[in-house]
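Undergrad: A single structure is presented below for examination.
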Amino acid sequence: MQIQDILKKHEASIDNLLMILHDVQNHSAQSYISESDIAAIAKYLNTTKAAIYGVVEYYSMFSSKPRGKYVIRVCKSPVCRMLGGQDILNSIQSTLNIPTNGTDAEKRFTLEVSECLGHCDKPPVMMINEDLHVNLTPEKIDSILNHYRQNKP
Amino acid sequence: MTETKIALKNAGKIAAESFTQYERAGGLNAFRKALKMEPLDVLKAINESGLRGRGGAGFSAGLKGKFTDESTCRYCGQKYIICNADEGEPGTFKDRAIMENDPHLLIEGMLIAAWAIGATKGFIYIRGEYTESIQKIQRALDNYYTEGWLGKSFDTDDDFNLDLEIRLGAGSYLCGEELTLIESLEGKRGYPRIKPPFPAQHGLWKKPTLVHNVETFAHMPFILENGADAYRKFGTGNSPGTKIFSVSGDVNRPGNYETEMGISLRVLIEIAGGMKDDIPVKTVLVGGAAGSFVSDKHLDISLCYDSMKKIGGVLGSGAIMVLNETRNLFDFMADIMEFFKHESCGKCIPCRVGTAQLALMAQEIKILDKVAINAHLEKMQSEAEYIAANSLCPLGASPIIPISSFNQHLKDKI
Amino acid sequence: MAKQIQIQIDNKTIQTEEGKNLLQVALDNQIKIPHLCYHKKLSPTGACRVCVVKIEGQKGLVMSCTVPVSDGMKIIAFDEETEAARKHTLEYLLTEYNPENDGSYRDEVMELAEKYDIETEVKRSILDIRSMIPAPVDDSSPVLTYDASKCIKCFRCIKACDEVQGKNILSYAERGITSYIVAGNGVWNESECDGCGECVQMCPTGALVEKPHRNEIQLDSLERKVKTTCPYCGVGCQIELSVKDNKILRSDGVEDVMPNDGRLCIKGRFGYDFVSSKKRLTHPLIKENGEFRIASWDETIRLIAEKFIEIIETNGNKALAGYASAKCTNEDNYIFQKFVRMAFGSNNLDYCTRLCHASTVTAMLKSIGDGAGSNSIEDFETTDCLFVTGNNIIETHPITATYVKSGARKGQKIIICDPKWTPLVKYATLWLQQRIGTDVALLNGIIRQIIQDDMIDRKFIETRVEGGMKAFAELKQLVEKYTPEYTEKTTNVPADKIIQAARIYAGADTAMIATGMGMSQQTSGTNNVFSLINMMLISGQIGRERCGIDPPRGQNNVQGATDVGVSPVVYPGYIPIGDDENRKRIAKLWNTDYESLSGENGLTTVEIMHAAYHGDIKGMFIMGENPMVTDPDLNHTQKAIEKLDFLVVQDIFHTETTGFADVILPAASFAEKDGTFVNSDRRVLRVRKAVDAPGEAREDWKIILDIANAMGTPIGQYQSAKEIFDEIAQAAPIMRGISYDRIKNQGIQWPCPDENHLGTSTLFLDKFNTPNGLAKLFPVEYVESTEQPDKAHPFILNSGRILYQYHSATMSRKNDSLNAFADESYVLINFVDADILGIKNHDKVRLSNSRGELETFAKLTDEVAVGELFMPWHFAEARVNRLTRSDLDPYSKIAPFKLTAVKIELLK
């Protein structure tokens with residue numbers, strides 16, 4: 001979807017900014033909000049580029065730099081870390097051959113860490129875009145990633 | 001004691017998306033009753049129930065509502081109502097349980113409160129990561145609109161009506177603090193505002209605003225339907241009602257358990273299935289990262305605001321993170337300090353630099369010898385005290401809580 | 001009136017007002033509570049946590065910058081606890097802070113660190129963490145550098161940009177300890193930054209520092225700092241120049257004084273390099289055989305005197321004319337008009353104002369008796385409604401615009417009438433985009449609506465307008481046919497917007513009008529302003545505080561020049577030449593014969609050129625003006641100039657005009673002399689010498705005195721500019737009470753009739769300046785412009801200004817800082833028109849008509865309407881005036897620079 005079509009769905013009021021940013025990022029093939037997106041949003045909301053860019057930069061879920069199509073966010077909260085979170089992180093790093101905050105060569109996956117995702121009763125936990133994955137083990141990682149490799153081009 | 005359910009009374013018993021089932025389970029009886037009451041009497045009921053904010057600060061819900069109501073006359077100027085569903089405190093996942101299982105209850109609570117203070121527009125600020133909650137709340141909102149409870153004027157003197165919509169957070173713990181949440185709702189970076197003024201006078205778009213946690217709103221229908229006295233039958237004198245405790249860590253059945261306020265930690269752990277593999281408790285972190293450690297000596301402590309305060313701790317969000325004897329306390333503490341460093345907005349010097357310093361110190365302590373450790377812990381505490389006394393917002397006032405409780409109760413465990 | 005209360009700070013009792021900021025009250029009372037993020041121009045932030053105090057009855061430490069004082073408050077500012085907390089906070093800051101200072105900026109952090117004895121790492125008890133924090137440097141801007149390692153994240157720059165300048169182009173990247181300031185998306189020169197430098201002035205450390213001369217400026221070895229007035233536009237910002245080795249190295253805004261309170265635009269802050277340009281005229285030059293040779297002052301002055309006398313003897317006094325200068329001081333201009341009247345013996349004396357606000361002033365003089373703005377700059381913030389017409393205020397009067405933007409933030413309603421988009425539209429309630437030239441129709445339409453809605457101010461009309469309701473009835477009848485539908489058809493402005501504009505303006509409690517070139521520079525210019533004034537009078541939006549009409553003046557001293565008598569029709573103080581009694585008085589003051597002072601009106605600016613073309617004017621003296629760029633119909637103007645027998649041009653640089661001169665005289669710039677300017681709100685402001693003029697260049701007034709002496713008609717002896725001003729105060733009653741001494745720290749607004757009078761902020765509170773004290777209505781019909789697009793010339797060309805360059809750019813284009821932002825001519829063309837003509841962005845195009853042609857670059861936009869074009873006129877390589885016409889407004893004699901029919905073609 002083009003940026004103008006996305007913008008039209010939201011009333012042109014600055015308090016809609018976070019909703020707009022979510023919408024734009026969710027439609028982005030590289031899970032980010034680009035410079036031209038920022039310029040278009042600024043114009044639509046009758047404000048400046050910094051007003052948009054500063055918000056993108058502040059919130060952990062948004063990125064102003066291109067990422068993979070799927071953003072993996074492994075929970076690093078104290079409970080998840082205590083109960084296997086680091087193993088999951090290591091496992092994904094080695095499977096995809098990327099460090100934390102890195103993106104694979106196909107631009108399909110980016111690996112990030114996240115603060116508490118609110119599912120501390122089923123640790124360790126991660127999200128891939130809007131999908132939640134709980135009770136993880138290193139063994140489950142491959143099949144989860146494959147699901148994204150295959151089902152969602 | 002067992003589980004006692006007010007906020008989670010419908011969980012698992014009705015389909016979360018079904019308005020019909022919600023009504024059949026008694027839904028909207030409370031709001032119908034409230035509509036027939038004077039708004040001031042609704043406020044009175046909430047106040048007399050002794051309901052305290054379930055977000056973490058524990059402030060009297062009745063007083064909050066009173067301030068907002070009195071901010072300006074009911075008929076002049078816009079008032080807002082906001083549900084804080086940003087649930088970011090590590091170890092806390094109770095609000096999600098309400099939103100995923102009984103979203104209609106939350107909205108009914110908001111309707112009651114909005115009627116009480118004269119708010120006609122409201123927002124449910126849900127953290128961006130809570131995909132399922134967002135979907136379920138949206139569905140419930142659609143139901144309320146379709147059934148004519150939202151967006152339509154009621155037959156009251158002032159044609160009261162409420163419009164509610166979802167707004168999303170995007171990964172910032174600080175936006176769970178009410179004034180910072182309001183900044184985020186206004187489309188800005190999450191920097192906390194100077195207090196005073198408080199949201200009751202000067203909130204969203206400078207208008208009087210009532211902000212409450214999900215769980216707090218979820219208690220209001222019960223209070224209105226059954227009365228303040230019925231509510232007070234549960235819990236303790238100063239902490240009436242029930243509380244959802246999010247239990248996680250080394251227990252057999254981690255999860256959300258709603259019990260009366262004042263339940264003992266020991267019993268709560270039992271309800272959560274007891275210690276996994278029967279390994280004894282080393283410590284429990286009560287209230288989240290901004291929470292306080294208690295030791296195995298405190299297992300009989302009554303989980304309520306005042307009892308926790310008496311031992312120098314907090315109840316906070318009611319997160320209960322249980323660590324057994326095998327767990328490395330310094331690793332855990334370092335993760336907590338990293339959390340604060342990452343979530344600091346950076347506006348004020350004590351917190352911006354302080355949380356980074358504390359995170360550094362928490363890493364360093366892992367490689368120190370016994371003698372140096374104590375001195376290091378004392379230094380961490382004195383820095384955390386300075387940070388708490390000089391920061392701008394509650395985040396700066398947080399690291400001292402786990403650090404001081406650690407030093408107070410866990411020195412013999414390291 | 002705020003309640004008077006009493007508080008105590010450290011046992012000192014202080015009287016103050018309820019609700020005032022505690023930190024500010026302390027500072028005002030010499031209790032120097034340390035602080036970093038607080039600045040009195042900005043809203044309090046509470047970020048640095050250094051201003052900590054204790055308040056009796058409140059627990060814990062409190063930040064004094066966030067506390068409004070109340071009666072009986074007892075505060076402890078300095079005790080062991082607060083000092084320990086402050087020191088701790090500073091130590092924290094120092095662990096992430098880079099103290100290396102290259103001497104080019106003041107470091108408020110290190111000043112505090114030294115006070116608390118923690119300026120080196122060894123003195124502190126907390127580890128440095130600087131190495132863990134990436135601290136980028138953004139050096140992309142031409143005028144400033146941002147260094148994150150010195151940034152203390154105090155928010156001052158962001159608030160300066162938001163709250164003071166209303167531009168909002170700064171934010172932070174990242175969050176927490178790695179936060180740093182960004183402009184736009186993180187590359188400063190790709191952001192909307194326009195180089196005003198407010199952030200630099202507000203920055204307490206070296207995080208933001210001016211780039212120009214950074215390696216030359218050492219703050220502790222400056223020779224002097226001189227307060228003076230900016231030489232560019234008519235706002236009259238007070239600037240402080242830092243000087244070393246006879247060179248200006250920096251310009252700062254002067255705080256706490258009117259009109260700008262420390263604010264500047266890019267020209268005021270970075271446009272001073274022209275003063276030290278190597279291209280400055282340094283010696284008198286005489287043309288011989290088509291070439292210029294250096295001559296001595298003696299030889300040159302003698303030659304000039306000889307030639308002028310020759311022309312007078314052969315052709316009469318009226319064969320000479322003078323152009324004075326809107327850029328020169330009042331003293332220069334006063335001496336110039338004295339010279340023309342005494343030495344030339346005529347009133348053929350005018351200047352560029354005739355090309356500018358002539359229509360505005362003509363209409364205002366006739367209807368309300370004063371051509372100067374009726375209000376003051378701060379009223380632009382507090383008035384309830386601002387009606388802006390034909391004025392791109394953000395680009396042409398940036399500091400006035402900061403007041404407007406502050407007002408807009410507080411709910412001020414802004415109505416804009418402009419055929420072209422301007423940046424103010426972003427802040428406006430309504431933008432009426434009328435077809436070029438249809439202003440009278442639009443305003444009559446608004447007037448009719450005001451009457452229709454019965455929103456007229458009857459009492460005002462009856463008591464303060466000549467003819468009362470009877471005169472009003474005439475106006476009512478004339479505007480009757482301007483129904484919303486008729487007006488929409490004529491102007492292209494939608495009917496509902498016309499109705500809305502009428503209701504907002506007439507319904508506002510207070511309203512001001514800002515009117516500019518868009519209205520004035522047309523053949524119907526005077527009528528345009530008449531209808532504007534009609535609208536104002538029937539609504540009663542004048543004669544009270546924050547109500548009136550305020551034409552922002554273009555040049556730094558265009559107001560002053562006429563004030564002190566540069567005019568073919570009035571003497572100093574706006575007294576008509578024909579007023580015999582006044583001429584007698586002036587003759588006495590000037591120690592000359594009354595009979596020698598001509599009582600006959602002289603020729604205006606363009607009329608002078610026409611007369612030169614026809615051989616009636618044989619000789620001219622041009623001071624600080626550049627008619628070969630600024631006058632209309634340049635090809636014709638060029639012929640006129642070439643026809644002159646003798647032309648003297650006095651300037652600071654070679655210009656497009658100096659090449660035609662017989663003699664060129666090198667003058668001192670604003671920074672090289674003492675004197676005064678008068679700004680748009682009638683404030684007389686000091687100009688002070690900061691550096692010596694280069695080579696043999698001299699103050700304009702001194703040169704003129706020498707010429708007068710050499711001509712045998714001495715016009716006075718003055719030892720200083722101050723003596724000249726004292727005479728001005730005698731000549732012009734409006735300035736009678738003003739003296740250098742009185743305006744030492746801050747200028748005074750005329751009228752100031754005596755030395756105890758404090759100056760006048762708002763005009764017409766009691767009566768208008770007309771003979772009977774009443775205002776006059778002048779109903780005018782809309783008449784279609786005589787210049788219409790046709791098949792050969794299908795476009796209407798509009799012309800105007802941009803922020804970064806100034807007028808004919810003689811000064812502004814000598815500054816690298818300004819050129820870095822805009823150094824190329826262009827024409828704005830609507831996307832639709834460009835598409836039809838096959839023109840793409842930055843294509844080279846030719847504009848032409850019967851009068852001339854030019855080449856420039858196309859810029860595609862939706863800022864101009866279909867069928868209309870716009871060009872900034874600063875760039876001499878593409879002189880808009882080659883195309884403009886010199887048909888004049890019959891009353892103001894102004895040329896219609898705003899409306900020219902042209903053809904545009906793509907150049908392959």
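Ordering of the structure tokens sets the chain letters (A, B, ...); residue numbers start at 1 within each chain; ligands are numbered from 1 in the order shown.
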Residues of chain C no more than 10 Å from chain B, counting only C-alpha atoms: send them over as a VMD selection string.
TA: chain C and resid 37 44 to 50 52 60 to 63 66 to 67 84 to 86 88 to 96 126 to 129 132 152 to 155 171 to 172 174 to 180
Undergrad: Could you give me, as a VMD selection string, the residues within 12 Å of A:His10, counting only C-alpha atoms and dropping anything in the same chain fewer than 2 positions from it?
TA: chain A and resid 3 to 8 12 to 24 41 44 to 45
Undergrad: Let me see the file: selected residues, N, CA and C atoms, as a tab-separated table (two decimals), in the first residue's frame.
TA:
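Here's the written file part08.tsv:
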chain	number	residue	atom	x	y	z
A	3	ILE	N	2.01	5.10	0.74
A	3	ILE	CA	1.94	5.87	1.98
A	3	ILE	C	0.70	6.76	2.04
A	4	GLN	N	0.32	7.36	0.91
A	4	GLN	CA	-0.83	8.26	0.93
A	4	GLN	C	-2.11	7.49	1.26
A	5	ASP	N	-2.22	6.24	0.79
A	5	ASP	CA	-3.41	5.45	1.10
A	5	ASP	C	-3.45	5.11	2.58
A	6	ILE	N	-2.29	4.83	3.13
A	6	ILE	CA	-2.24	4.52	4.56
A	6	ILE	C	-2.64	5.76	5.37
A	7	LEU	N	-2.08	6.92	5.00
A	7	LEU	CA	-2.35	8.14	5.75
A	7	LEU	C	-3.83	8.48	5.74
A	8	LYS	N	-4.46	8.28	4.60
A	8	LYS	CA	-5.88	8.67	4.46
A	8	LYS	C	-6.77	7.93	5.47
A	12	ALA	N	-6.06	13.48	10.22
A	12	ALA	CA	-4.79	14.21	10.21
A	12	ALA	C	-4.62	15.01	11.49
A	13	SER	N	-4.37	14.30	12.57
A	13	SER	CA	-4.18	14.96	13.86
A	13	SER	C	-2.97	14.34	14.52
A	14	ILE	N	-2.12	15.17	15.14
A	14	ILE	CA	-0.84	14.69	15.64
A	14	ILE	C	-1.00	13.56	16.65
A	15	ASP	N	-2.13	13.51	17.37
A	15	ASP	CA	-2.27	12.43	18.35
A	15	ASP	C	-2.46	11.07	17.69
A	16	ASN	N	-2.66	11.06	16.39
A	16	ASN	CA	-2.73	9.77	15.69
A	16	ASN	C	-1.36	9.28	15.25
A	17	LEU	N	-0.31	10.00	15.62
A	17	LEU	CA	1.01	9.69	15.07
A	17	LEU	C	1.43	8.25	15.33
A	18	LEU	N	1.31	7.78	16.58
A	18	LEU	CA	1.80	6.42	16.84
A	18	LEU	C	1.01	5.38	16.05
A	19	MET	N	-0.30	5.62	15.92
A	19	MET	CA	-1.11	4.68	15.12
A	19	MET	C	-0.65	4.69	13.67
A	20	ILE	N	-0.36	5.90	13.15
A	20	ILE	CA	0.10	6.01	11.77
A	20	ILE	C	1.44	5.30	11.60
A	21	LEU	N	2.33	5.49	12.56
A	21	LEU	CA	3.65	4.87	12.46
A	21	LEU	C	3.53	3.34	12.49
A	22	HIS	N	2.68	2.82	13.35
A	22	HIS	CA	2.45	1.37	13.36
A	22	HIS	C	1.96	0.90	12.00
A	23	ASP	N	1.01	1.63	11.45
A	23	ASP	CA	0.41	1.24	10.18
A	23	ASP	C	1.44	1.26	9.06
A	24	VAL	N	2.21	2.35	9.02
A	24	VAL	CA	3.22	2.47	7.97
A	24	VAL	C	4.26	1.36	8.10
A	41	ILE	N	4.50	11.88	6.18
A	41	ILE	CA	3.71	11.97	7.41
A	41	ILE	C	3.76	13.40	7.96
A	44	TYR	N	1.47	15.55	5.98
A	44	TYR	CA	0.07	15.21	6.24
A	44	TYR	C	-0.41	15.78	7.57
A	45	LEU	N	0.48	15.73	8.56
A	45	LEU	CA	0.10	16.20	9.88
A	45	LEU	C	0.45	17.66	10.10
Undergrad: Taking only C-alpha atoms into account, what are the residues of chain A at most 6 Å from chain C, put as a ChimeraX atom specification?
TA: /A:48-50,53-54,57-58
Undergrad: Skip stretch 101-107 of chain A itself and residues of its chain fewer than 3 positions away, then list as an MDAnalysis selection string all residues within 8 Å of it, counting only C-alpha atoms.
TA: chainID A and resid 30 67:69 96:98 110:113
Undergrad: Would you mind exporting N, CA and C atoms of the selected residues as a PDB file, in the first residue's frame?
TA:
ATOM      1  N   GLN A  30      10.371  -3.738   4.737  1.00  0.00           N
ATOM      2  CA  GLN A  30      11.568  -3.845   5.563  1.00  0.00           C
ATOM      3  C   GLN A  30      11.330  -3.304   6.970  1.00  0.00           C
ATOM      4  N   ARG A  67      14.999  -2.945   8.162  1.00  0.00           N
ATOM      5  CA  ARG A  67      15.242  -4.208   8.855  1.00  0.00           C
ATOM      6  C   ARG A  67      14.749  -5.334   7.958  1.00  0.00           C
ATOM      7  N   GLY A  68      14.738  -6.515   8.484  1.00  0.00           N
ATOM      8  CA  GLY A  68      14.204  -7.630   7.710  1.00  0.00           C
ATOM      9  C   GLY A  68      12.692  -7.552   7.623  1.00  0.00           C
ATOM     10  N   LYS A  69      12.118  -8.423   6.779  1.00  0.00           N
ATOM     11  CA  LYS A  69      10.662  -8.457   6.667  1.00  0.00           C
ATOM     12  C   LYS A  69      10.038  -8.881   7.999  1.00  0.00           C
ATOM     13  N   LEU A  96      20.747 -18.131  12.136  1.00  0.00           N
ATOM     14  CA  LEU A  96      20.662 -17.119  11.078  1.00  0.00           C
ATOM     15  C   LEU A  96      22.004 -16.471  10.790  1.00  0.00           C
ATOM     16  N   ASN A  97      22.985 -16.773  11.636  1.00  0.00           N
ATOM     17  CA  ASN A  97      24.316 -16.219  11.469  1.00  0.00           C
ATOM     18  C   ASN A  97      24.315 -14.682  11.521  1.00  0.00           C
ATOM     19  N   ILE A  98      23.567 -14.155  12.472  1.00  0.00           N
ATOM     20  CA  ILE A  98      23.567 -12.697  12.653  1.00  0.00           C
ATOM     21  C   ILE A  98      23.665 -12.378  14.145  1.00  0.00           C
ATOM     22  N   THR A 110      15.353  -9.915  11.103  1.00  0.00           N
ATOM     23  CA  THR A 110      16.208  -9.101  11.962  1.00  0.00           C
ATOM     24  C   THR A 110      16.037  -9.619  13.385  1.00  0.00           C
ATOM     25  N   LEU A 111      17.145  -9.713  14.110  1.00  0.00           N
ATOM     26  CA  LEU A 111      17.086 -10.212  15.486  1.00  0.00           C
ATOM     27  C   LEU A 111      17.256  -9.057  16.456  1.00  0.00           C
ATOM     28  N   GLU A 112      16.304  -8.893  17.353  1.00  0.00           N
ATOM     29  CA  GLU A 112      16.405  -7.868  18.381  1.00  0.00           C
ATOM     30  C   GLU A 112      16.065  -8.482  19.726  1.00  0.00           C
ATOM     31  N   VAL A 113      16.382  -7.738  20.784  1.00  0.00           N
ATOM     32  CA  VAL A 113      15.914  -8.144  22.109  1.00  0.00           C
ATOM     33  C   VAL A 113      14.854  -7.155  22.560  1.00  0.00           C
TER      34      VAL A 113
END
Undergrad: Contacts between chain A and chain B, please, where a residue of chain B counts if it comes within 7 Å (with only C-alpha atoms); show its shortest atom pair and distance in Å to one decimal, rows by chain and ascending number, as CSV.
TA:
residue,atom,partner,partner_atom,distance
B:Gly88,CA,A:Cys116,CA,6.7
B:Pro90,CA,A:Cys116,CA,5.1
B:Gly91,CA,A:Cys120,CA,5.8
B:Thr92,CA,A:Gly118,CA,6.0
B:Phe93,CA,A:Gly118,CA,4.8
B:Glu129,CA,A:Leu117,CA,6.9
B:Thr131,CA,A:Glu130,CA,6.2
B:Arg167,CA,A:Met19,CA,6.8
B:Leu168,CA,A:Met19,CA,6.4
B:Ala170,CA,A:Met61,CA,5.2
B:Gly171,CA,A:Ser60,CA,4.7
B:Ser172,CA,A:Tyr59,CA,5.9
B:Leu185,CA,A:Asp15,CA,5.7
B:Glu186,CA,A:Asp15,CA,4.4
B:Gly187,CA,A:Asp15,CA,4.4
B:Lys188,CA,A:Val55,CA,6.0
B:Arg189,CA,A:Val55,CA,5.1
B:Ser248,CA,A:Asp121,CA,5.2
B:Gly249,CA,A:Val79,CA,6.1
B:Pro254,CA,A:Asp121,CA,4.7
B:Gly255,CA,A:Asp121,CA,5.1
B:Phe332,CA,A:Pro78,CA,5.9
B:Asp335,CA,A:Pro78,CA,5.5
B:Ile336,CA,A:Pro78,CA,6.4
Undergrad: I'd like the contact shell of B:Ala319 - 10 Å cut-off, only C-alpha atoms, skipping same-chain residues fewer than 5 positions apart - returned as a PyMOL selection string.
TA: (chain A and resi 120) or (chain B and resi 56+89-94+244-248+256+284-289+291)
Undergrad: Go through C:Met73, C:Ile724, C:Ala2, C:Ala372 one by one, measure the shortest atom-to-atom distance of each to C:Phe336 using only C-alpha atoms, and give the residue with the smallest value.
TA: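 Ranked by minimum distance to C:Phe336, first place goes to C:Ile724.
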Undergrad: Near C:Ser374, counting only C-alpha atoms, which residues have an atom at most 9 Å away, once you skip same-chain residues fewer than 3 positions from it, shown as a count of residues only?
TA: 16
Undergrad: Can you list, as a PyMOL selection string, every residue of stretch 60-242 of chain B that DSSP puts in helix (DSSP H, G or I)?
TA: chain B and resi 61-71+94-101+103-117+131-146+173-176+178-185+204-206+214-226+228-232
Undergrad: Using only C-alpha atoms, which protein or nucleic acid residues come within 6 Å of B:Ala61? Drop anything in the same chain fewer than 6 positions from it, and give the result as number ranges by chain.
TA: B: 51-53
Undergrad: Keeping only N, CA, C and O atoms, take the residues you just selected and write them out as a PDB file, in the first residue's frame.
TA:
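Saved the output as out.pdb:
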ATOM      1  N   LEU B  51     -11.177   1.308  47.070  1.00  0.00           N
ATOM      2  CA  LEU B  51     -10.429   0.787  45.916  1.00  0.00           C
ATOM      3  C   LEU B  51      -9.171   1.615  45.703  1.00  0.00           C
ATOM      4  O   LEU B  51      -9.226   2.840  45.624  1.00  0.00           O
ATOM      5  N   ARG B  52      -8.031   0.964  45.606  1.00  0.00           N
ATOM      6  CA  ARG B  52      -6.786   1.669  45.342  1.00  0.00           C
ATOM      7  C   ARG B  52      -6.267   1.256  43.987  1.00  0.00           C
ATOM      8  O   ARG B  52      -6.443   0.123  43.543  1.00  0.00           O
ATOM      9  N   GLY B  53      -5.625   2.197  43.318  1.00  0.00           N
ATOM     10  CA  GLY B  53      -5.137   1.962  41.962  1.00  0.00           C
ATOM     11  C   GLY B  53      -4.295   0.704  41.878  1.00  0.00           C
ATOM     12  O   GLY B  53      -3.371   0.516  42.655  1.00  0.00           O
TER      13      GLY B  53
END
Undergrad: Show which residues sit within 10 Å of A:Ile92, as a list of chain:residue names. Count only C-alpha atoms, and ignore same-chain residues fewer than 2 positions away.
TA: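 The residues satisfying every condition are A:Ile72, A:Val74, A:Gln86, A:Asp87, A:Ile88, A:Leu89, A:Asn90, A:Ser94, A:Thr95, A:Leu96, A:Asn97, A:Ile98, A:Pro99, A:Thr100, A:Leu111, A:Pro138, A:Ile141, A:Asp142, A:Leu145.
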Undergrad: Can those selected residues be exported to a file as a compact mmCIF listing (two decimals), in the first residue's frame so that it contains C-alpha atoms?
TA:
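And here's part-v8.txt as it stands now:
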# COMPACT_ATOMS: atom_id res chain seq x y z
CA ILE A 72 12.32 -11.25 15.88
CA VAL A 74 13.48 -12.15 22.09
CA GLN A 86 19.85 -16.46 26.46
CA ASP A 87 19.80 -19.96 24.95
CA ILE A 88 17.07 -18.90 22.56
CA LEU A 89 19.03 -15.82 21.58
CA ASN A 90 22.19 -17.85 21.00
CA SER A 94 23.81 -19.18 15.17
CA THR A 95 20.96 -20.39 12.94
CA LEU A 96 20.66 -17.12 11.08
CA ASN A 97 24.32 -16.22 11.47
CA ILE A 98 23.57 -12.70 12.65
CA PRO A 99 24.27 -10.81 15.86
CA THR A 100 21.64 -9.07 17.94
CA LEU A 111 17.09 -10.21 15.49
CA PRO A 138 16.27 -24.09 21.03
CA ILE A 141 13.47 -22.37 16.72
CA ASP A 142 14.16 -23.93 13.33
CA LEU A 145 11.64 -19.77 11.46
Undergrad: I need the residues in stretch 178-242 of chain B that are strand (DSSP E) according to DSSP; give them as a PyMOL selection string.
TA: chain B and resi 209-213+242
Undergrad: Provide the atom CA of C:Arg583 to atom CA of C:Glu723 distance in Å, to one decimal place.
TA: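 We find that atom CA of C:Arg583 and atom CA of C:Glu723 lie 21.1 Å from each other.
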Undergrad: Rounded to one decimal, what separation in Å do you get between atom CA of A:Val71 and atom CA of B:Ala85?
TA: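 Going from atom CA of A:Val71 over to atom CA of B:Ala85, I get 23.3 Å.
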Undergrad: As an exercise, work out the distance from atom CA of A:Lys9 to atom CA of A:Tyr70 in Å and give it to one decimal place.
TA: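 That distance, rounded to one decimal, is 24.1 Å.
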Undergrad: Hey, which of B:Ala272, B:Leu303, B:Met220, B:Val281 ends up closest to B:Leu315? Count only C-alpha atoms.
TA: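 Of all the options, B:Leu303 lies closest to B:Leu315.
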